[in-house]
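Asker: Dumping the structure here so I can ask a few things about it.
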Amino acid sequence: MSAVSRELAEGLPPLVAGYRPLEGIPDEMIGPDGGIRAPWLPLLAHLSALSPAEIAARFGRGDQYLRDAGVYYRHYGKGDVASRDWPLSHVPVILAESEWQELAAGLAQRAELLEAVMADIYGENRLLGSGDLPGTLLASNPHWLRPLVGVKPASGHFLHFIAMDLGRGEDGRWWVLGDRTEAPSGAGFALETRVATSRVFAEIYRQSNVHRLAGFFGAFRDMLDRLRAPGTGSVGLLTSGLFNETYYEQAYIARYLGLSLLEGEDLIVEGQDLKVRTIDGPQPISVLWRRLESAWCDPLELDERSRLGTPGLLETIRAGRVTMANALGAGALETQAFLAFLPRLCERLRGESLAIPNVATWWCGQEAEYQYVRENRHRLVISRANANRLPIELDPQGSTVPEAMTLESWLDEERHALVGQEAVRLSTTPAWKDGVLAPRPMTLRVFLARTPDGWQAMPGGFARVGQTLEPGSIAMRHGSTVADVWIVADKPVPEPSLLRKDGAAFMRKQPGTLPARAADNLFWLGRYVERTEGMLRLLRAYHGRLAESADTDAPLLRRVAGLLETYGMDLAQPLPSEISACIQSAVTSAGKIRDRFSLDGWSALVDLASSAEQIGRQVHPGDDAARAISVLIRKLTGFSGLVHENMYRAMGWRFLTIGQSIERAIAMADWLAVMIPADAPDGALDLMIEVGDSVMTHRRRYAMAVPESICDLLVLDSLNPRSILFELERMQAHIDLLPGSRRENRLSPLGQALLKLRADVATMPVEAITPEWLVELKWRIAGLSDALTDSYFA
C-alpha cells in the first residue's frame, strides 16, 4: 500500500463499517497492490470532511431531485402493482479510465459476436449445420421467431443498442452475467441517476474528470437519423405504454433525444409502408427504436393475443421499409442456455477467445454437461434454459425447483430445459448504510450503441447494489438500490452536448406532426382538469353555505347537491372520492404523453393529486372543507397557468385548450339550466356568480342579480373568460388552425357545426334564454367533442 493510501485508510474508521486495516473495505476500493484505488481517494477525502448532517443534507438533495422529476419504476408483485420511487444509492461506483477502456473493448468484441450469431440463426443456420448450436435448443427457444428467418434488416444489422450485466469476482476479474439484446431498459434511468448523483457531490463531480454521458447518446441519435429513409418523419421509440414497468425512462429518453414516443395503436400499415396516425392523416416512418417485446409487435404473424402491436408490421420489415433497433427476435440471444455456447462460438466465428468471459454455464441437453451438473447440483444454480434472469438472483440450493419434485427428479425429467451455472460471488462496493460506508454486492449494467465508427460503450451506466451481503439481494424486487458509475480520467475530459455543434449552420426545426393519440390525451387532459375545477367550485359553494345554515335540507343546498350528484359525488364525504378520481384521470392522460409534458407541469399535477388524497382524509364538512377546497383550487389554477404560460403554441396546446373550453362551456350551460328557473331557491343566482368566478365583474356592471344579468355575463359576454360565448370563440380560433379545418375552401363539418353554434349564441336575446334552451345548448356543445373525435382521434 502506498503511503498516501495508508494515511487515508487510517482516517477511514468513521466511514467504513467494521473497519480494521484493509478488512471490511469494499472490494471495488482495493487495488491490485492491496491499497485504496486512486480514483476513490478524492471522494473518500470529500466524505471524510463532511459532518453527518451535511452528508444527510446532500443525500436528501439527490432524493429530492428524483422526487421532483417524478422518476419511478413500476413494480409488479404478487397480487399488486405499485409505482416505486427510483431507489438511489448515493455513493457512486468509480472506475479508472484505463480499466474502463479495456472493459469496453471486450464488450465491443462480444457485441460483434452476438451480431454474428443473430445473423446466422435468422439466416443460413450454419451453426446448426456444424453442430456448434443444437437444433433442439434453438427450436425450443420461445424468443426465436420463425417468421423472421430469412428476413434481412434494412439497415444491414440486427443489433443497434444492447446492454450487458457484469459482475466482478472476488479475484478482481469481470464476468458477463447476462446479455440484454431484446429491448434493454435502463439508459434513461442511468441519465437521471447521473443527474441526481452529480447534485449530491456537485463539487467533487466537477473536479474529478468524470466522463459525461451525452456524447454516447448523441452518437446513437445521429446513427438513428442516418437510417431514416428520405421523406419520412422523425425516429420513433416504440413503447408498450403507460403500464410498462420502465415507461418513465422510455418517455424520458424519447424527450431527451427528440424522438416520437409511439405505441402500437399509433401505427398503421398501408401497402408495405408503416405510417403514424396523426391529426394530419397517416405520415410515413422508417426507423423505430423498439422497447416493446418482439412477440407483441404484430398480432397477425406473431402472438395473436397482443393488443400492443401493429397488424402487418412484419410485412413492412420484410419489404425493407422499416428499420427496427433492435431487429425482432433478438431476445433469443438473452437466454441462459446461449451462455454455454458463446465461448466456443467466439472461437468458431471470430477465431479468438472471449476477452471477457461469461459465467460458466452447462446446458443439460448434452450428456457430458448433464452428468457434470447432476454431480455438482448442490453447488450450482439450476435454472430454466430459456430464462433470462441473472444467476446471482437465484438460490443455489434449488429453491426454484417445482413443487412436488426434488432437485434430482427435476434434472432427470426436464434436463433439456435446464442449465447449471456457477453461483457467482460478487465483489462489493461502498454503500451508505446507517450512517457509515458498508460493503455491498453489486452488478454493473453497461450499454453499447452501434455507431458509424463501430460499437461505442456508454462511459458509465448504472450499478445495482444489494441491501445485504447476500448476492441475491441485488434484485430490484428484493429492495436493491441503484448507483451511478463514474469513469474517471487522469486529465480533463470533453463535455459533449446534444445541442448544435460549433460551426454548424443554424436551422429552425419545425414542430413534428402530432400523433392522434397524443392529441386525444391532451384534449382529455384539458377536459379532466377543467372538470375538476368545476366540481371543486361547486363543492366549495356547497360547504360554504352548509357552514352558514348547517341544514342539508335547505332548498339551495338540495339543489346544489343535485348538481353534484350528477358528477357521481357522495356528499357523505366532505371531499368525495370522485374529486381524486377525476384528478387521477388527468394524471393518467398526462402520463401517456410524458415525452411532451414539462417536468414542472408534471410535478404540479402529481402534487395536486397527492394534496387531494391527503385533504380528503382530514377535512370536516362546512367551513373546514370550504377552506381546504380553496387550497386545491389555487393549486389547480396554478397548474393551468403554468401549462398555458410555458407550453409551446403548437397543435398539442390547441387540443389541450379546446378540451378545457368544451368542458367549461358544457358545465356552465348545465349549471345555469338548474339555477336560473323561476322556481330556483333564494341565493341560487348569487351562487352562480360565485361558481362562475365573476363576483367582482357582476358588481361593477349590474345593480342587482337577476336571471338576465347572470345570463348576459355567463352566456353572452365575449369578454368574460367564464362565459359560454367566450369559450366558443376561443374554440373557433383554435379549430380554424387545425389541419383539415377547410376543405376546398369550405369549412369542415366540425367547423360548420361550431360556426352555427357560435352564431346562435351570439345572436340570442338575453330575455329569450330559458332552461330548456340551455339544456339543448349543452348537448350541442357536447356534440362538438364527438365531431372532434371523429375528425382527428378516430
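Convention: chains lettered A, B, ... in C-alpha cells order; per-chain residue numbering from 1; ligands numbered from 1 as shown.
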Could you produce a table of the residues of region 508-581 of chain A lying within 12 Å of region 652-665 of chain A, with the nearest pair of atoms per residue and their separation in Å rounded to one decimal, using only C-alpha atoms, ordered by chain and increasing residue number, as JSON lines?
Answerer:
{"residue": "A:Pro511", "atom": "CA", "partner": "A:Gly652", "partner_atom": "CA", "distance": 10.2}
{"residue": "A:Gly512", "atom": "CA", "partner": "A:Gly652", "partner_atom": "CA", "distance": 10.6}
{"residue": "A:Thr513", "atom": "CA", "partner": "A:Gly652", "partner_atom": "CA", "distance": 9.6}
{"residue": "A:Leu514", "atom": "CA", "partner": "A:Gly652", "partner_atom": "CA", "distance": 6.9}
{"residue": "A:Pro515", "atom": "CA", "partner": "A:Gly652", "partner_atom": "CA", "distance": 9.4}
{"residue": "A:Ala516", "atom": "CA", "partner": "A:Gly652", "partner_atom": "CA", "distance": 10.0}
{"residue": "A:Arg517", "atom": "CA", "partner": "A:Gly652", "partner_atom": "CA", "distance": 10.8}
{"residue": "A:Ala518", "atom": "CA", "partner": "A:Gly652", "partner_atom": "CA", "distance": 7.7}
{"residue": "A:Ala519", "atom": "CA", "partner": "A:Gly652", "partner_atom": "CA", "distance": 5.9}
{"residue": "A:Asp520", "atom": "CA", "partner": "A:Phe655", "partner_atom": "CA", "distance": 7.7}
{"residue": "A:Asn521", "atom": "CA", "partner": "A:Leu656", "partner_atom": "CA", "distance": 8.4}
{"residue": "A:Leu522", "atom": "CA", "partner": "A:Leu656", "partner_atom": "CA", "distance": 4.8}
{"residue": "A:Phe523", "atom": "CA", "partner": "A:Leu656", "partner_atom": "CA", "distance": 4.5}
{"residue": "A:Trp524", "atom": "CA", "partner": "A:Gly659", "partner_atom": "CA", "distance": 6.1}
{"residue": "A:Leu525", "atom": "CA", "partner": "A:Leu656", "partner_atom": "CA", "distance": 6.6}
{"residue": "A:Gly526", "atom": "CA", "partner": "A:Gln660", "partner_atom": "CA", "distance": 4.5}
{"residue": "A:Arg527", "atom": "CA", "partner": "A:Gly659", "partner_atom": "CA", "distance": 4.7}
{"residue": "A:Tyr528", "atom": "CA", "partner": "A:Gln660", "partner_atom": "CA", "distance": 8.0}
{"residue": "A:Val529", "atom": "CA", "partner": "A:Gln660", "partner_atom": "CA", "distance": 7.4}
{"residue": "A:Glu530", "atom": "CA", "partner": "A:Gln660", "partner_atom": "CA", "distance": 5.5}
{"residue": "A:Arg531", "atom": "CA", "partner": "A:Glu663", "partner_atom": "CA", "distance": 6.3}
{"residue": "A:Thr532", "atom": "CA", "partner": "A:Glu663", "partner_atom": "CA", "distance": 10.0}
{"residue": "A:Glu533", "atom": "CA", "partner": "A:Arg664", "partner_atom": "CA", "distance": 9.2}
{"residue": "A:Gly534", "atom": "CA", "partner": "A:Arg664", "partner_atom": "CA", "distance": 7.6}
{"residue": "A:Met535", "atom": "CA", "partner": "A:Arg664", "partner_atom": "CA", "distance": 10.9}
Asker: For Pro184 (chain A), find every residue with an atom within 8 Å (counting only C-alpha atoms), except residues of its own chain fewer than 3 positions away, and show them as a VMD selection string.
Answerer: chain A and resid 161 to 163 180 to 181 291
Asker: With a distance cut-off of 7 Å and only C-alpha atoms, select the neighbouring residues of region 611-615 of chain A, excluding the residue or stretch itself and same-chain residues fewer than 4 positions from it, and output the selection as a PDB file with C-alpha atoms, in the first residue's frame.
Answerer:
ATOM      1  CA  SER A 580     -59.401  12.418  -6.623  1.00  0.00           C
ATOM      2  CA  ASP A 607     -48.653  17.402  -6.172  1.00  0.00           C
ATOM      3  CA  VAL A 619     -61.429  17.607   6.356  1.00  0.00           C
ATOM      4  CA  ALA A 628     -59.402  23.055   2.128  1.00  0.00           C
ATOM      5  CA  LEU A 632     -56.961  22.732  -4.112  1.00  0.00           C
TER       6      LEU A 632
END
Asker: Need the shell around Asp790 (chain A): protein/DNA/RNA residues with any atom at most 10 Å away, counting only C-alpha atoms. Skip same-chain ones fewer than 5 positions apart. Format as an NGL selection string?
Answerer: :A and (750 or 784-785)
Asker: Please list as number ranges by chain every residue within 12 Å of Ile781 (chain A), counting only C-alpha atoms and excluding residues in the same chain fewer than 4 positions away.
Answerer: A: 658-659, 661-670, 724-725, 727-728, 731, 750, 753-758, 760-761, 774-777, 785-788
Asker: Near Val359 (chain A), within 9 Å and counting only C-alpha atoms, which residues show up once chain neighbours fewer than 4 positions away are dropped, as a count of residues only?
Answerer: 11
Asker: Determine which residues of region 263-460 of chain A DSSP labels as strand (DSSP E) from the backbone of this structure, then write them out as a ChimeraX atom specification.
Answerer: /A:267-270,273-276,283-284,287-290,323-325,361-363,380-384,418-422,428-433,436-451,454-457
Asker: Kindly give the distance, in Å, that separates CA of Thr429 (chain A) and CA of Gly62 (chain A), rounded to a single decimal.
Answerer: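 Computing the Euclidean distance for CA of Thr429 (chain A) and CA of Gly62 (chain A) yields 19.3 Å.
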Asker: Could you tell me how far CA of Ser140 (chain A) sits from CA of Gln336 (chain A), in Å to one decimal place?
Answerer: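 According to the coordinates, CA of Gln336 (chain A) and CA of Ser140 (chain A) are separated by 12.9 Å.
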Asker: DSSP on the backbone, alpha helix (DSSP H) only: what residues of region 534-588 of chain A does that give? Format it as number ranges by chain.
Answerer: A: 534-549, 555-566, 577-588
Asker: Report as CSV the residues of region 419-463 of chain A within 9 Å of region 88-105 of chain A, each with its shortest atom pair and distance in Å (one decimal), using only C-alpha atoms, ordered by chain and increasing residue number.
Answerer:
residue,atom,partner,partner_atom,distance
A:Thr429,CA,A:Val93,CA,6.7
A:Pro430,CA,A:Val91,CA,6.8
A:Ala431,CA,A:Val91,CA,6.0
A:Trp432,CA,A:Val91,CA,6.9
A:Leu437,CA,A:Val91,CA,8.8
A:Val446,CA,A:Ala104,CA,8.8
A:Leu448,CA,A:Ala104,CA,8.8
A:Trp455,CA,A:Ala105,CA,9.0
A:Gln456,CA,A:Ala104,CA,7.8
A:Ala457,CA,A:Ala104,CA,5.9
A:Met458,CA,A:Ala104,CA,8.7
A:Pro459,CA,A:Trp100,CA,7.8
A:Gly460,CA,A:Leu95,CA,8.8
A:Phe462,CA,A:Val93,CA,8.5
A:Ala463,CA,A:Val93,CA,7.2
Asker: Tell me, in Å to one decimal, how far CA of Leu685 (chain A) is from CA of Ser549 (chain A).
Answerer: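 Rounded to one decimal, the two atoms are 17.7 Å apart.
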Asker: Select, from A:Glu367, A:Glu578, A:Glu263, A:Glu729, the residue with the minimum atom-to-atom distance to Gly236 (chain A), counting only C-alpha atoms.
Answerer: A:Glu263
Asker: Which one is closest to Met569 (chain A): A:Leu539, A:Val269, A:Leu238, A:Ala325? Count only C-alpha atoms.
Answerer: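 Selected residue with least distance to Met569 (chain A): A:Leu539.
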Asker: Within 10 Å of region 554-563 of chain A, which residues of region 624-740 of chain A come that close, and what is the closest atom pair and distance in Å for each? Count only C-alpha atoms and give it as JSON lines.
Answerer:
{"residue": "A:Asp670", "atom": "CA", "partner": "A:Leu563", "partner_atom": "CA", "distance": 8.6}
{"residue": "A:Trp671", "atom": "CA", "partner": "A:Leu563", "partner_atom": "CA", "distance": 7.4}
{"residue": "A:Val674", "atom": "CA", "partner": "A:Arg559", "partner_atom": "CA", "distance": 7.8}
{"residue": "A:Met675", "atom": "CA", "partner": "A:Arg559", "partner_atom": "CA", "distance": 8.1}
{"residue": "A:Ala680", "atom": "CA", "partner": "A:Leu556", "partner_atom": "CA", "distance": 7.9}
{"residue": "A:Pro681", "atom": "CA", "partner": "A:Leu556", "partner_atom": "CA", "distance": 5.5}
{"residue": "A:Asp682", "atom": "CA", "partner": "A:Leu556", "partner_atom": "CA", "distance": 6.9}
{"residue": "A:Gly683", "atom": "CA", "partner": "A:Leu556", "partner_atom": "CA", "distance": 6.9}
{"residue": "A:Ala684", "atom": "CA", "partner": "A:Leu556", "partner_atom": "CA", "distance": 6.5}
{"residue": "A:Leu687", "atom": "CA", "partner": "A:Leu556", "partner_atom": "CA", "distance": 9.2}
Asker: Given only C-alpha atoms as the basis, pick out the residue of A:Asn358, A:Gln467, A:Ala733, A:Val287 nearest to Cys346 (chain A).
Answerer: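 So, comparing all the options, the nearest one is A:Asn358.
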